[in-house]
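Engineer: Quick one: this structure, given as structure tokens, is what I'll be asking you about.
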Amino acid sequence: MALQHEPTAPYHSVQDALRVLETVARRSTGVTDAELARHTGLGAERLTALLRMLRREGYVEQLADGAYTTGEAFGRLGSAHGHEEALRVQLQRNLDRLRDSLGAAVYMSRYVDGEIHVTQCADGPATPAVNEWVDFRSSAHASAIGKSLLGQLDLNARRDHLSRHRMARLTSRTITNERVLLSRLDAQAPTVPVLDLQEYAVGTVCAAVPVTAGSAVGCLALSLPLEHAHRLREAADTLNRGAAPVLLSLAI
């Protein structure tokens with residue numbers, strides 16, 4: 001399965017954050033922000049923002065003398081024993097935080113062995129998850145999640161998926177023509193969130209952004225009831241900007 005990639009802002013943040021983490025990890029006794037700036041080449045404002053994120057995520061801790069050392073979350077994710085559970089917990093924290101800041105249900109999805117899997121979700125009484133009235137695995141052509149994941153595959157992999165899942169009409173807005181769908185996927189810039197405007201379900205709008213780490217294809221998505229559709233594009237842009245911690249968890 002070949003992938004199509006184009007760097008986005010969250011990816012650049014993750015690359016810089018990993019450089020900071022690698023520098024901190026090499027110095028067990030701690031490293032000062034001045035030393036970090038010298039070793040990473042990052043400016044003071046950029047470094048301060050990255051260190052704030054890394055501390056919030058538990059990847060670095062600040063000692064009494066102001067130096068930085070690796071945190072508990074970094075140790076848990078970096079360990080082969082219990083890595084998957086540590087990753088699940090860390091991702092759920094990310095999703096819960098995004099749910100609260102966006103006022104929307106948030107989902108983590110992956111494309112594994114030719115199928116779509118919604119692996120985690122953060123919802124609540126005020127932010128209900130979308131009613132999965134048609135299995136997400138069968139509705140990639142209609143959902144923001146599905147279109148985001150398909151958009152990260154090459155043409156042959158997209159066609160293979162669509163050959164195994166009939167493009168059923170779920171609402172009056174659903175695209176059921178393969179040529180039209182493939183054309184729209186080609187035109188979709190990786191840096192722009194994919195939208196679902198009542199294509200999967202009447203009364204629900206969704207958005208998704210790619211979160212691809214290495215060869216793994218994934219995406220973050222949100223859903224809103226139709227009465228909140230006016231918030232969708234702003235929420236989608238915020239989701240895109242908030243993807244860096246999720247990407248970082250997957251990259252460690």
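Labels used: A, B, ... for chains in the order of the structure tokens, numbers from 1 for residues in each chain, and numbers from 1 for ligands as shown.
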Find the residues near A:Asp100: any atom within 10 Å, counting only C-alpha atoms, skip ones fewer than 4 places away on the same chain, and give them as a list in words.
Structural biologist: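 The residues satisfying every condition are Leu95, Asp96, Ala104, Ala105, Val106, Ala122, Asp123, Gly124, Ala126 and Thr127 of chain A.
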Engineer: Let's have the selection written as a CSV table (one decimal), in the first residue's frame, with N, CA and C atoms.
Structural biologist:
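The new file result-v3.csv reads:
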```csv
chain,number,residue,atom,x,y,z
A,95,LEU,N,-7.3,13.3,23.2
A,95,LEU,CA,-8.7,13.4,22.6
A,95,LEU,C,-9.6,14.1,23.6
A,96,ASP,N,-9.5,13.7,24.9
A,96,ASP,CA,-10.3,14.4,25.9
A,96,ASP,C,-10.1,15.9,25.9
A,104,ALA,N,-16.8,19.4,20.9
A,104,ALA,CA,-17.2,18.5,19.9
A,104,ALA,C,-16.7,17.1,20.2
A,105,ALA,N,-17.4,16.1,19.8
A,105,ALA,CA,-16.9,14.7,19.9
A,105,ALA,C,-15.6,14.6,19.0
A,106,VAL,N,-14.6,13.8,19.5
A,106,VAL,CA,-13.4,13.7,18.7
A,106,VAL,C,-13.0,12.2,18.6
A,122,ALA,N,-13.6,10.4,22.1
A,122,ALA,CA,-13.8,11.2,23.3
A,122,ALA,C,-15.2,12.0,23.1
A,123,ASP,N,-16.2,11.6,23.8
A,123,ASP,CA,-17.5,12.3,23.7
A,123,ASP,C,-18.0,12.5,25.1
A,124,GLY,N,-19.2,13.0,25.2
A,124,GLY,CA,-19.8,13.3,26.5
A,124,GLY,C,-21.3,13.8,26.3
A,126,ALA,N,-22.6,16.6,26.5
A,126,ALA,CA,-22.8,17.9,25.7
A,126,ALA,C,-22.1,17.7,24.3
A,127,THR,N,-21.4,16.6,24.1
A,127,THR,CA,-20.7,16.4,22.9
A,127,THR,C,-20.9,15.0,22.4
```
Engineer: So which residues touch A:Gly114 within 9 Å, counting only C-alpha atoms, skipping near sequence neighbours fewer than 3 positions away, as number ranges by chain?
Structural biologist: A: 1, 111, 157, 160-161
Engineer: Create the file for the chosen residues now, containing C-alpha atoms and written as a short mmCIF file (atom, residue, chain, number, x, y, z; two decimals), in the first residue's frame.
Structural biologist:
```
data_model
loop_
_atom_site.label_atom_id
_atom_site.label_comp_id
_atom_site.auth_asym_id
_atom_site.auth_seq_id
_atom_site.Cartn_x
_atom_site.Cartn_y
_atom_site.Cartn_z
CA MET A 1 0.00 0.00 0.00
CA TYR A 111 -6.43 2.34 8.21
CA ALA A 157 -5.16 1.36 -2.88
CA ASP A 160 -8.99 -1.53 -4.14
CA HIS A 161 -10.90 -0.26 -1.12
#
```
Engineer: Looking at only C-alpha atoms, which of A:Ala34, A:Val246, A:Leu222, A:Ala73 is the one that sits closest to A:Arg55?
Structural biologist: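 The closest residue to A:Arg55 is A:Ala73.
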Engineer: Could you find all residues in stretch 97-227 of chain A that DSSP calls strand (DSSP E) from the backbone, and write them as an MDAnalysis selection string?
Structural biologist: chainID A and resid 105:112 115:122 194:197 204:210 217:225
Engineer: Between atom CA of A:Val20 and atom CA of A:Asp33, what is the spacing in Å?
Structural biologist: 9.8 Å
Engineer: Would you give me, as number ranges by chain, the residues in stretch 207-247 of chain A that DSSP reads as helix (DSSP H, G or I)?
Structural biologist: A: 226-241, 244-247
Engineer: Provide the atom CA of A:His83 to atom CA of A:Glu57 distance in Å, to one decimal place.
Structural biologist: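 So the two atoms, atom CA of A:His83 and atom CA of A:Glu57, lie 15.7 Å apart.
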Engineer: Pick out the residues sitting within 8 Å of A:Gln120, and hand them over as a list in words; count only C-alpha atoms, and ignore anything fewer than 5 positions along from it in its own chain.
Structural biologist: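 Once the nearby chain positions are removed, what remains is Gln92, Tyr107, Met108 and Ser109 of chain A.
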Engineer: What does the file look like for those residues with C-alpha atoms, as a compact mmCIF listing (two decimals), in the first residue's frame?
Structural biologist:
```txt
# COMPACT_ATOMS: atom_id res chain seq x y z
CA GLN A 92 -7.14 9.39 25.17
CA TYR A 107 -12.23 10.44 17.14
CA MET A 108 -8.95 8.67 16.38
CA SER A 109 -9.03 6.38 13.34
```
Engineer: Check the smallest atom-to-atom distance from each of A:Gln62, A:Thr29, A:Thr174, A:Thr119 to A:Ala221 using only C-alpha atoms, then report the winner.
Structural biologist: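 Counting only C-alpha atoms, the residue closest to A:Ala221 is A:Thr119.
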Engineer: Within 9 Å of A:Val205, counting only C-alpha atoms, which residues show up once you throw out same-chain ones fewer than 4 positions away? Write them as a short mmCIF file (atom, residue, chain, number, x, y, z; two decimals) with N, CA, C and O atoms, in the first residue's frame, please.
Structural biologist:
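selection.cif, freshly written:
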```cif
data_model
loop_
_atom_site.label_atom_id
_atom_site.label_comp_id
_atom_site.auth_asym_id
_atom_site.auth_seq_id
_atom_site.Cartn_x
_atom_site.Cartn_y
_atom_site.Cartn_z
N ALA A 144 -16.10 11.91 6.74
CA ALA A 144 -14.85 12.68 6.76
C ALA A 144 -13.68 11.78 7.13
O ALA A 144 -12.59 11.88 6.55
N LEU A 195 -14.07 17.69 4.96
CA LEU A 195 -15.37 17.95 5.57
C LEU A 195 -16.41 16.94 5.09
O LEU A 195 -16.33 16.42 3.98
N ASP A 196 -17.36 16.67 5.97
CA ASP A 196 -18.54 15.85 5.64
C ASP A 196 -19.75 16.66 6.04
O ASP A 196 -20.04 16.83 7.22
N LEU A 197 -20.45 17.19 5.05
CA LEU A 197 -21.62 18.04 5.28
C LEU A 197 -22.88 17.23 5.04
O LEU A 197 -23.48 17.27 3.97
N GLN A 198 -23.24 16.45 6.04
CA GLN A 198 -24.42 15.57 5.99
C GLN A 198 -24.34 14.54 4.87
O GLN A 198 -25.35 14.18 4.29
N GLU A 199 -23.14 14.08 4.56
CA GLU A 199 -22.98 13.03 3.55
C GLU A 199 -23.13 11.65 4.17
O GLU A 199 -23.59 10.72 3.51
N TYR A 200 -22.73 11.53 5.42
CA TYR A 200 -22.85 10.23 6.12
C TYR A 200 -24.20 10.12 6.83
O TYR A 200 -24.86 9.07 6.78
N ALA A 201 -24.61 11.18 7.50
CA ALA A 201 -25.86 11.15 8.26
C ALA A 201 -26.53 12.51 8.24
O ALA A 201 -25.87 13.54 8.42
N LEU A 222 -13.71 15.13 14.07
CA LEU A 222 -14.69 15.67 15.01
C LEU A 222 -16.06 15.63 14.36
O LEU A 222 -16.18 15.62 13.14
N SER A 223 -17.09 15.60 15.19
CA SER A 223 -18.46 15.66 14.68
C SER A 223 -19.26 16.67 15.48
O SER A 223 -19.03 16.85 16.69
N LEU A 224 -20.19 17.31 14.80
CA LEU A 224 -21.06 18.31 15.41
C LEU A 224 -22.48 18.11 14.91
O LEU A 224 -22.69 17.75 13.74
N PRO A 225 -23.48 18.37 15.74
CA PRO A 225 -24.85 18.36 15.23
C PRO A 225 -25.04 19.52 14.26
O PRO A 225 -24.33 20.53 14.34
N LEU A 226 -25.99 19.37 13.36
CA LEU A 226 -26.19 20.34 12.29
C LEU A 226 -26.37 21.76 12.80
O LEU A 226 -25.90 22.72 12.17
N HIS A 228 -24.83 23.24 14.91
CA HIS A 228 -23.52 23.84 15.18
C HIS A 228 -22.64 23.87 13.92
O HIS A 228 -21.42 24.06 14.02
N ALA A 229 -23.25 23.71 12.76
CA ALA A 229 -22.48 23.65 11.51
C ALA A 229 -21.67 24.92 11.28
O ALA A 229 -20.61 24.89 10.65
N LEU A 232 -18.08 24.57 12.26
CA LEU A 232 -17.32 23.43 11.75
C LEU A 232 -15.94 23.82 11.23
O LEU A 232 -14.94 23.20 11.59
#
```
Engineer: With a distance cut-off of 12 Å and only C-alpha atoms, select the neighbouring residues of A:His12, excluding the residue or stretch itself and same-chain residues fewer than 5 positions from it, and output the selection as a list in words.
Structural biologist: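 Everything that qualifies: Glu6, Pro7, Ala17, Leu18, Arg19, Arg46, Leu50, Arg241, Ala243, Ala244, Pro245, Leu247 and Leu248 of chain A.
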Engineer: Keeping only all heavy atoms, write the selected residues to a file as a tab-separated table (two decimals), in the first residue's frame.
Structural biologist:
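Output file part_23.tsv follows:
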```tsv
chain	number	residue	atom	x	y	z
A	6	GLU	N	2.43	14.93	2.39
A	6	GLU	CA	2.89	16.31	2.23
A	6	GLU	C	3.00	16.89	3.62
A	6	GLU	O	2.03	16.82	4.39
A	6	GLU	CB	1.89	17.11	1.38
A	6	GLU	CG	2.32	18.55	1.16
A	6	GLU	CD	1.36	19.30	0.25
A	6	GLU	OE1	0.98	18.74	-0.79
A	6	GLU	OE2	0.99	20.44	0.58
A	7	PRO	N	4.15	17.44	4.00
A	7	PRO	CA	4.31	17.93	5.36
A	7	PRO	C	3.28	19.00	5.70
A	7	PRO	O	2.95	19.85	4.88
A	7	PRO	CB	5.73	18.51	5.35
A	7	PRO	CG	6.42	17.82	4.23
A	7	PRO	CD	5.37	17.60	3.19
A	17	ALA	N	9.89	19.02	18.16
A	17	ALA	CA	9.72	18.48	19.51
A	17	ALA	C	10.59	17.25	19.73
A	17	ALA	O	11.15	17.06	20.81
A	17	ALA	CB	8.25	18.15	19.76
A	18	LEU	N	10.69	16.41	18.71
A	18	LEU	CA	11.53	15.22	18.83
A	18	LEU	C	13.00	15.59	18.98
A	18	LEU	O	13.75	14.93	19.71
A	18	LEU	CB	11.34	14.32	17.60
A	18	LEU	CG	10.01	13.54	17.55
A	18	LEU	CD1	9.87	12.83	16.21
A	18	LEU	CD2	9.93	12.53	18.70
A	19	ARG	N	13.42	16.64	18.30
A	19	ARG	CA	14.81	17.11	18.45
A	19	ARG	C	15.06	17.55	19.89
A	19	ARG	O	16.12	17.25	20.48
A	19	ARG	CB	15.09	18.26	17.49
A	19	ARG	CG	15.25	17.81	16.04
A	19	ARG	CD	15.06	18.97	15.08
A	19	ARG	NE	16.00	20.06	15.31
A	19	ARG	CZ	15.85	21.29	14.81
A	19	ARG	NH1	14.78	21.58	14.09
A	19	ARG	NH2	16.75	22.21	15.01
A	46	ARG	N	10.06	29.74	19.93
A	46	ARG	CA	9.67	28.41	19.46
A	46	ARG	C	9.99	27.35	20.52
A	46	ARG	O	9.18	26.46	20.80
A	46	ARG	CB	10.43	28.11	18.17
A	46	ARG	CG	10.22	26.73	17.58
A	46	ARG	CD	8.84	26.59	17.05
A	46	ARG	NE	8.68	25.41	16.21
A	46	ARG	CZ	7.50	24.89	15.91
A	46	ARG	NH1	6.40	25.45	16.37
A	46	ARG	NH2	7.42	23.83	15.15
A	50	LEU	N	7.42	24.74	22.59
A	50	LEU	CA	7.61	23.29	22.53
A	50	LEU	C	7.79	22.70	23.93
A	50	LEU	O	7.22	21.65	24.25
A	50	LEU	CB	8.80	22.94	21.63
A	50	LEU	CG	8.60	23.17	20.14
A	50	LEU	CD1	9.93	23.02	19.41
A	50	LEU	CD2	7.57	22.19	19.58
A	241	ARG	N	-4.53	22.24	14.08
A	241	ARG	CA	-3.43	22.81	14.87
A	241	ARG	C	-3.16	21.99	16.11
A	241	ARG	O	-2.03	21.97	16.61
A	241	ARG	CB	-3.77	24.26	15.25
A	241	ARG	CG	-3.80	25.23	14.08
A	241	ARG	CD	-3.81	26.67	14.58
A	241	ARG	NE	-5.00	26.96	15.38
A	241	ARG	CZ	-6.15	27.40	14.88
A	241	ARG	NH1	-6.29	27.58	13.57
A	241	ARG	NH2	-7.18	27.66	15.67
A	243	ALA	N	-3.23	18.78	16.39
A	243	ALA	CA	-2.84	17.40	16.06
A	243	ALA	C	-1.42	17.06	16.50
A	243	ALA	O	-1.08	15.88	16.61
A	243	ALA	CB	-2.98	17.16	14.56
A	244	ALA	N	-0.59	18.06	16.77
A	244	ALA	CA	0.82	17.81	17.07
A	244	ALA	C	1.03	16.86	18.26
A	244	ALA	O	1.83	15.92	18.16
A	244	ALA	CB	1.57	19.12	17.29
A	245	PRO	N	0.34	17.04	19.39
A	245	PRO	CA	0.54	16.10	20.51
A	245	PRO	C	0.19	14.66	20.16
A	245	PRO	O	0.84	13.73	20.64
A	245	PRO	CB	-0.37	16.65	21.61
A	245	PRO	CG	-0.50	18.10	21.29
A	245	PRO	CD	-0.53	18.17	19.79
A	247	LEU	N	0.35	13.30	17.10
A	247	LEU	CA	1.43	12.84	16.22
A	247	LEU	C	2.68	12.50	17.02
A	247	LEU	O	3.35	11.50	16.77
A	247	LEU	CB	1.76	13.92	15.19
A	247	LEU	CG	0.85	13.99	13.97
A	247	LEU	CD1	1.03	15.32	13.25
A	247	LEU	CD2	1.15	12.85	13.01
A	248	LEU	N	2.96	13.34	18.03
A	248	LEU	CA	4.15	13.11	18.85
A	248	LEU	C	4.02	11.79	19.62
A	248	LEU	O	4.99	11.03	19.70
A	248	LEU	CB	4.33	14.28	19.80
A	248	LEU	CG	5.61	14.29	20.64
A	248	LEU	CD1	6.85	14.22	19.77
A	248	LEU	CD2	5.66	15.54	21.53
```
Engineer: Which is closer to A:Leu250 than all the others in A:Arg88, A:His165, A:His81, A:Arg27, using only C-alpha atoms?
Structural biologist: A:Arg88
Engineer: Kindly indicate which residue among A:Arg99, A:Arg231, A:Arg110, A:His141 lies nearest to A:Ala129, using only C-alpha atoms for the distances.
Structural biologist: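 Among the listed residues, the smallest separation from A:Ala129 belongs to A:Arg99.
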Engineer: From the options A:Gly82, A:Leu98, A:Asp16, A:Gly30, which residue's atoms come nearest to A:Thr48, counting only C-alpha atoms?
Structural biologist: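 Going through A:Gly82, A:Leu98, A:Asp16, A:Gly30 one by one, the smallest distance to A:Thr48 is for A:Asp16.
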Engineer: Tell me which of A:Arg52, A:Thr70, A:Arg164, A:Gly58 sits closest to A:Ala86, counting only C-alpha atoms.
Structural biologist: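 Once distances to A:Ala86 are computed over only C-alpha atoms, the minimum belongs to A:Gly58.
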Engineer: Just the number, please: distance in Å from atom CA of A:Ile145 to atom CA of A:Ala208, one decimal.
Structural biologist: 5.6 Å
Engineer: Need to verify the contact set: A:Val209, 7 Å, only C-alpha atoms, exclusion of same-chain residues closer than 6 positions in sequence. Can you return it as a PyMOL selection string?
Structural biologist: chain A and resi 148+193-194+219-221+240
Engineer: Restricting the output to C-alpha atoms, write the selected residues as a compact mmCIF listing (two decimals), in the first residue's frame.
Structural biologist:
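Wrote it out as part35.txt, contents follow:
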```txt
# COMPACT_ATOMS: atom_id res chain seq x y z
CA SER A 148 -9.23 11.53 5.03
CA PRO A 193 -9.32 19.42 6.73
CA VAL A 194 -11.72 17.06 4.95
CA CYS A 219 -6.67 10.65 11.14
CA LEU A 220 -8.26 12.80 13.80
CA ALA A 221 -11.89 13.74 13.33
CA ASN A 240 -5.57 20.55 12.69
```
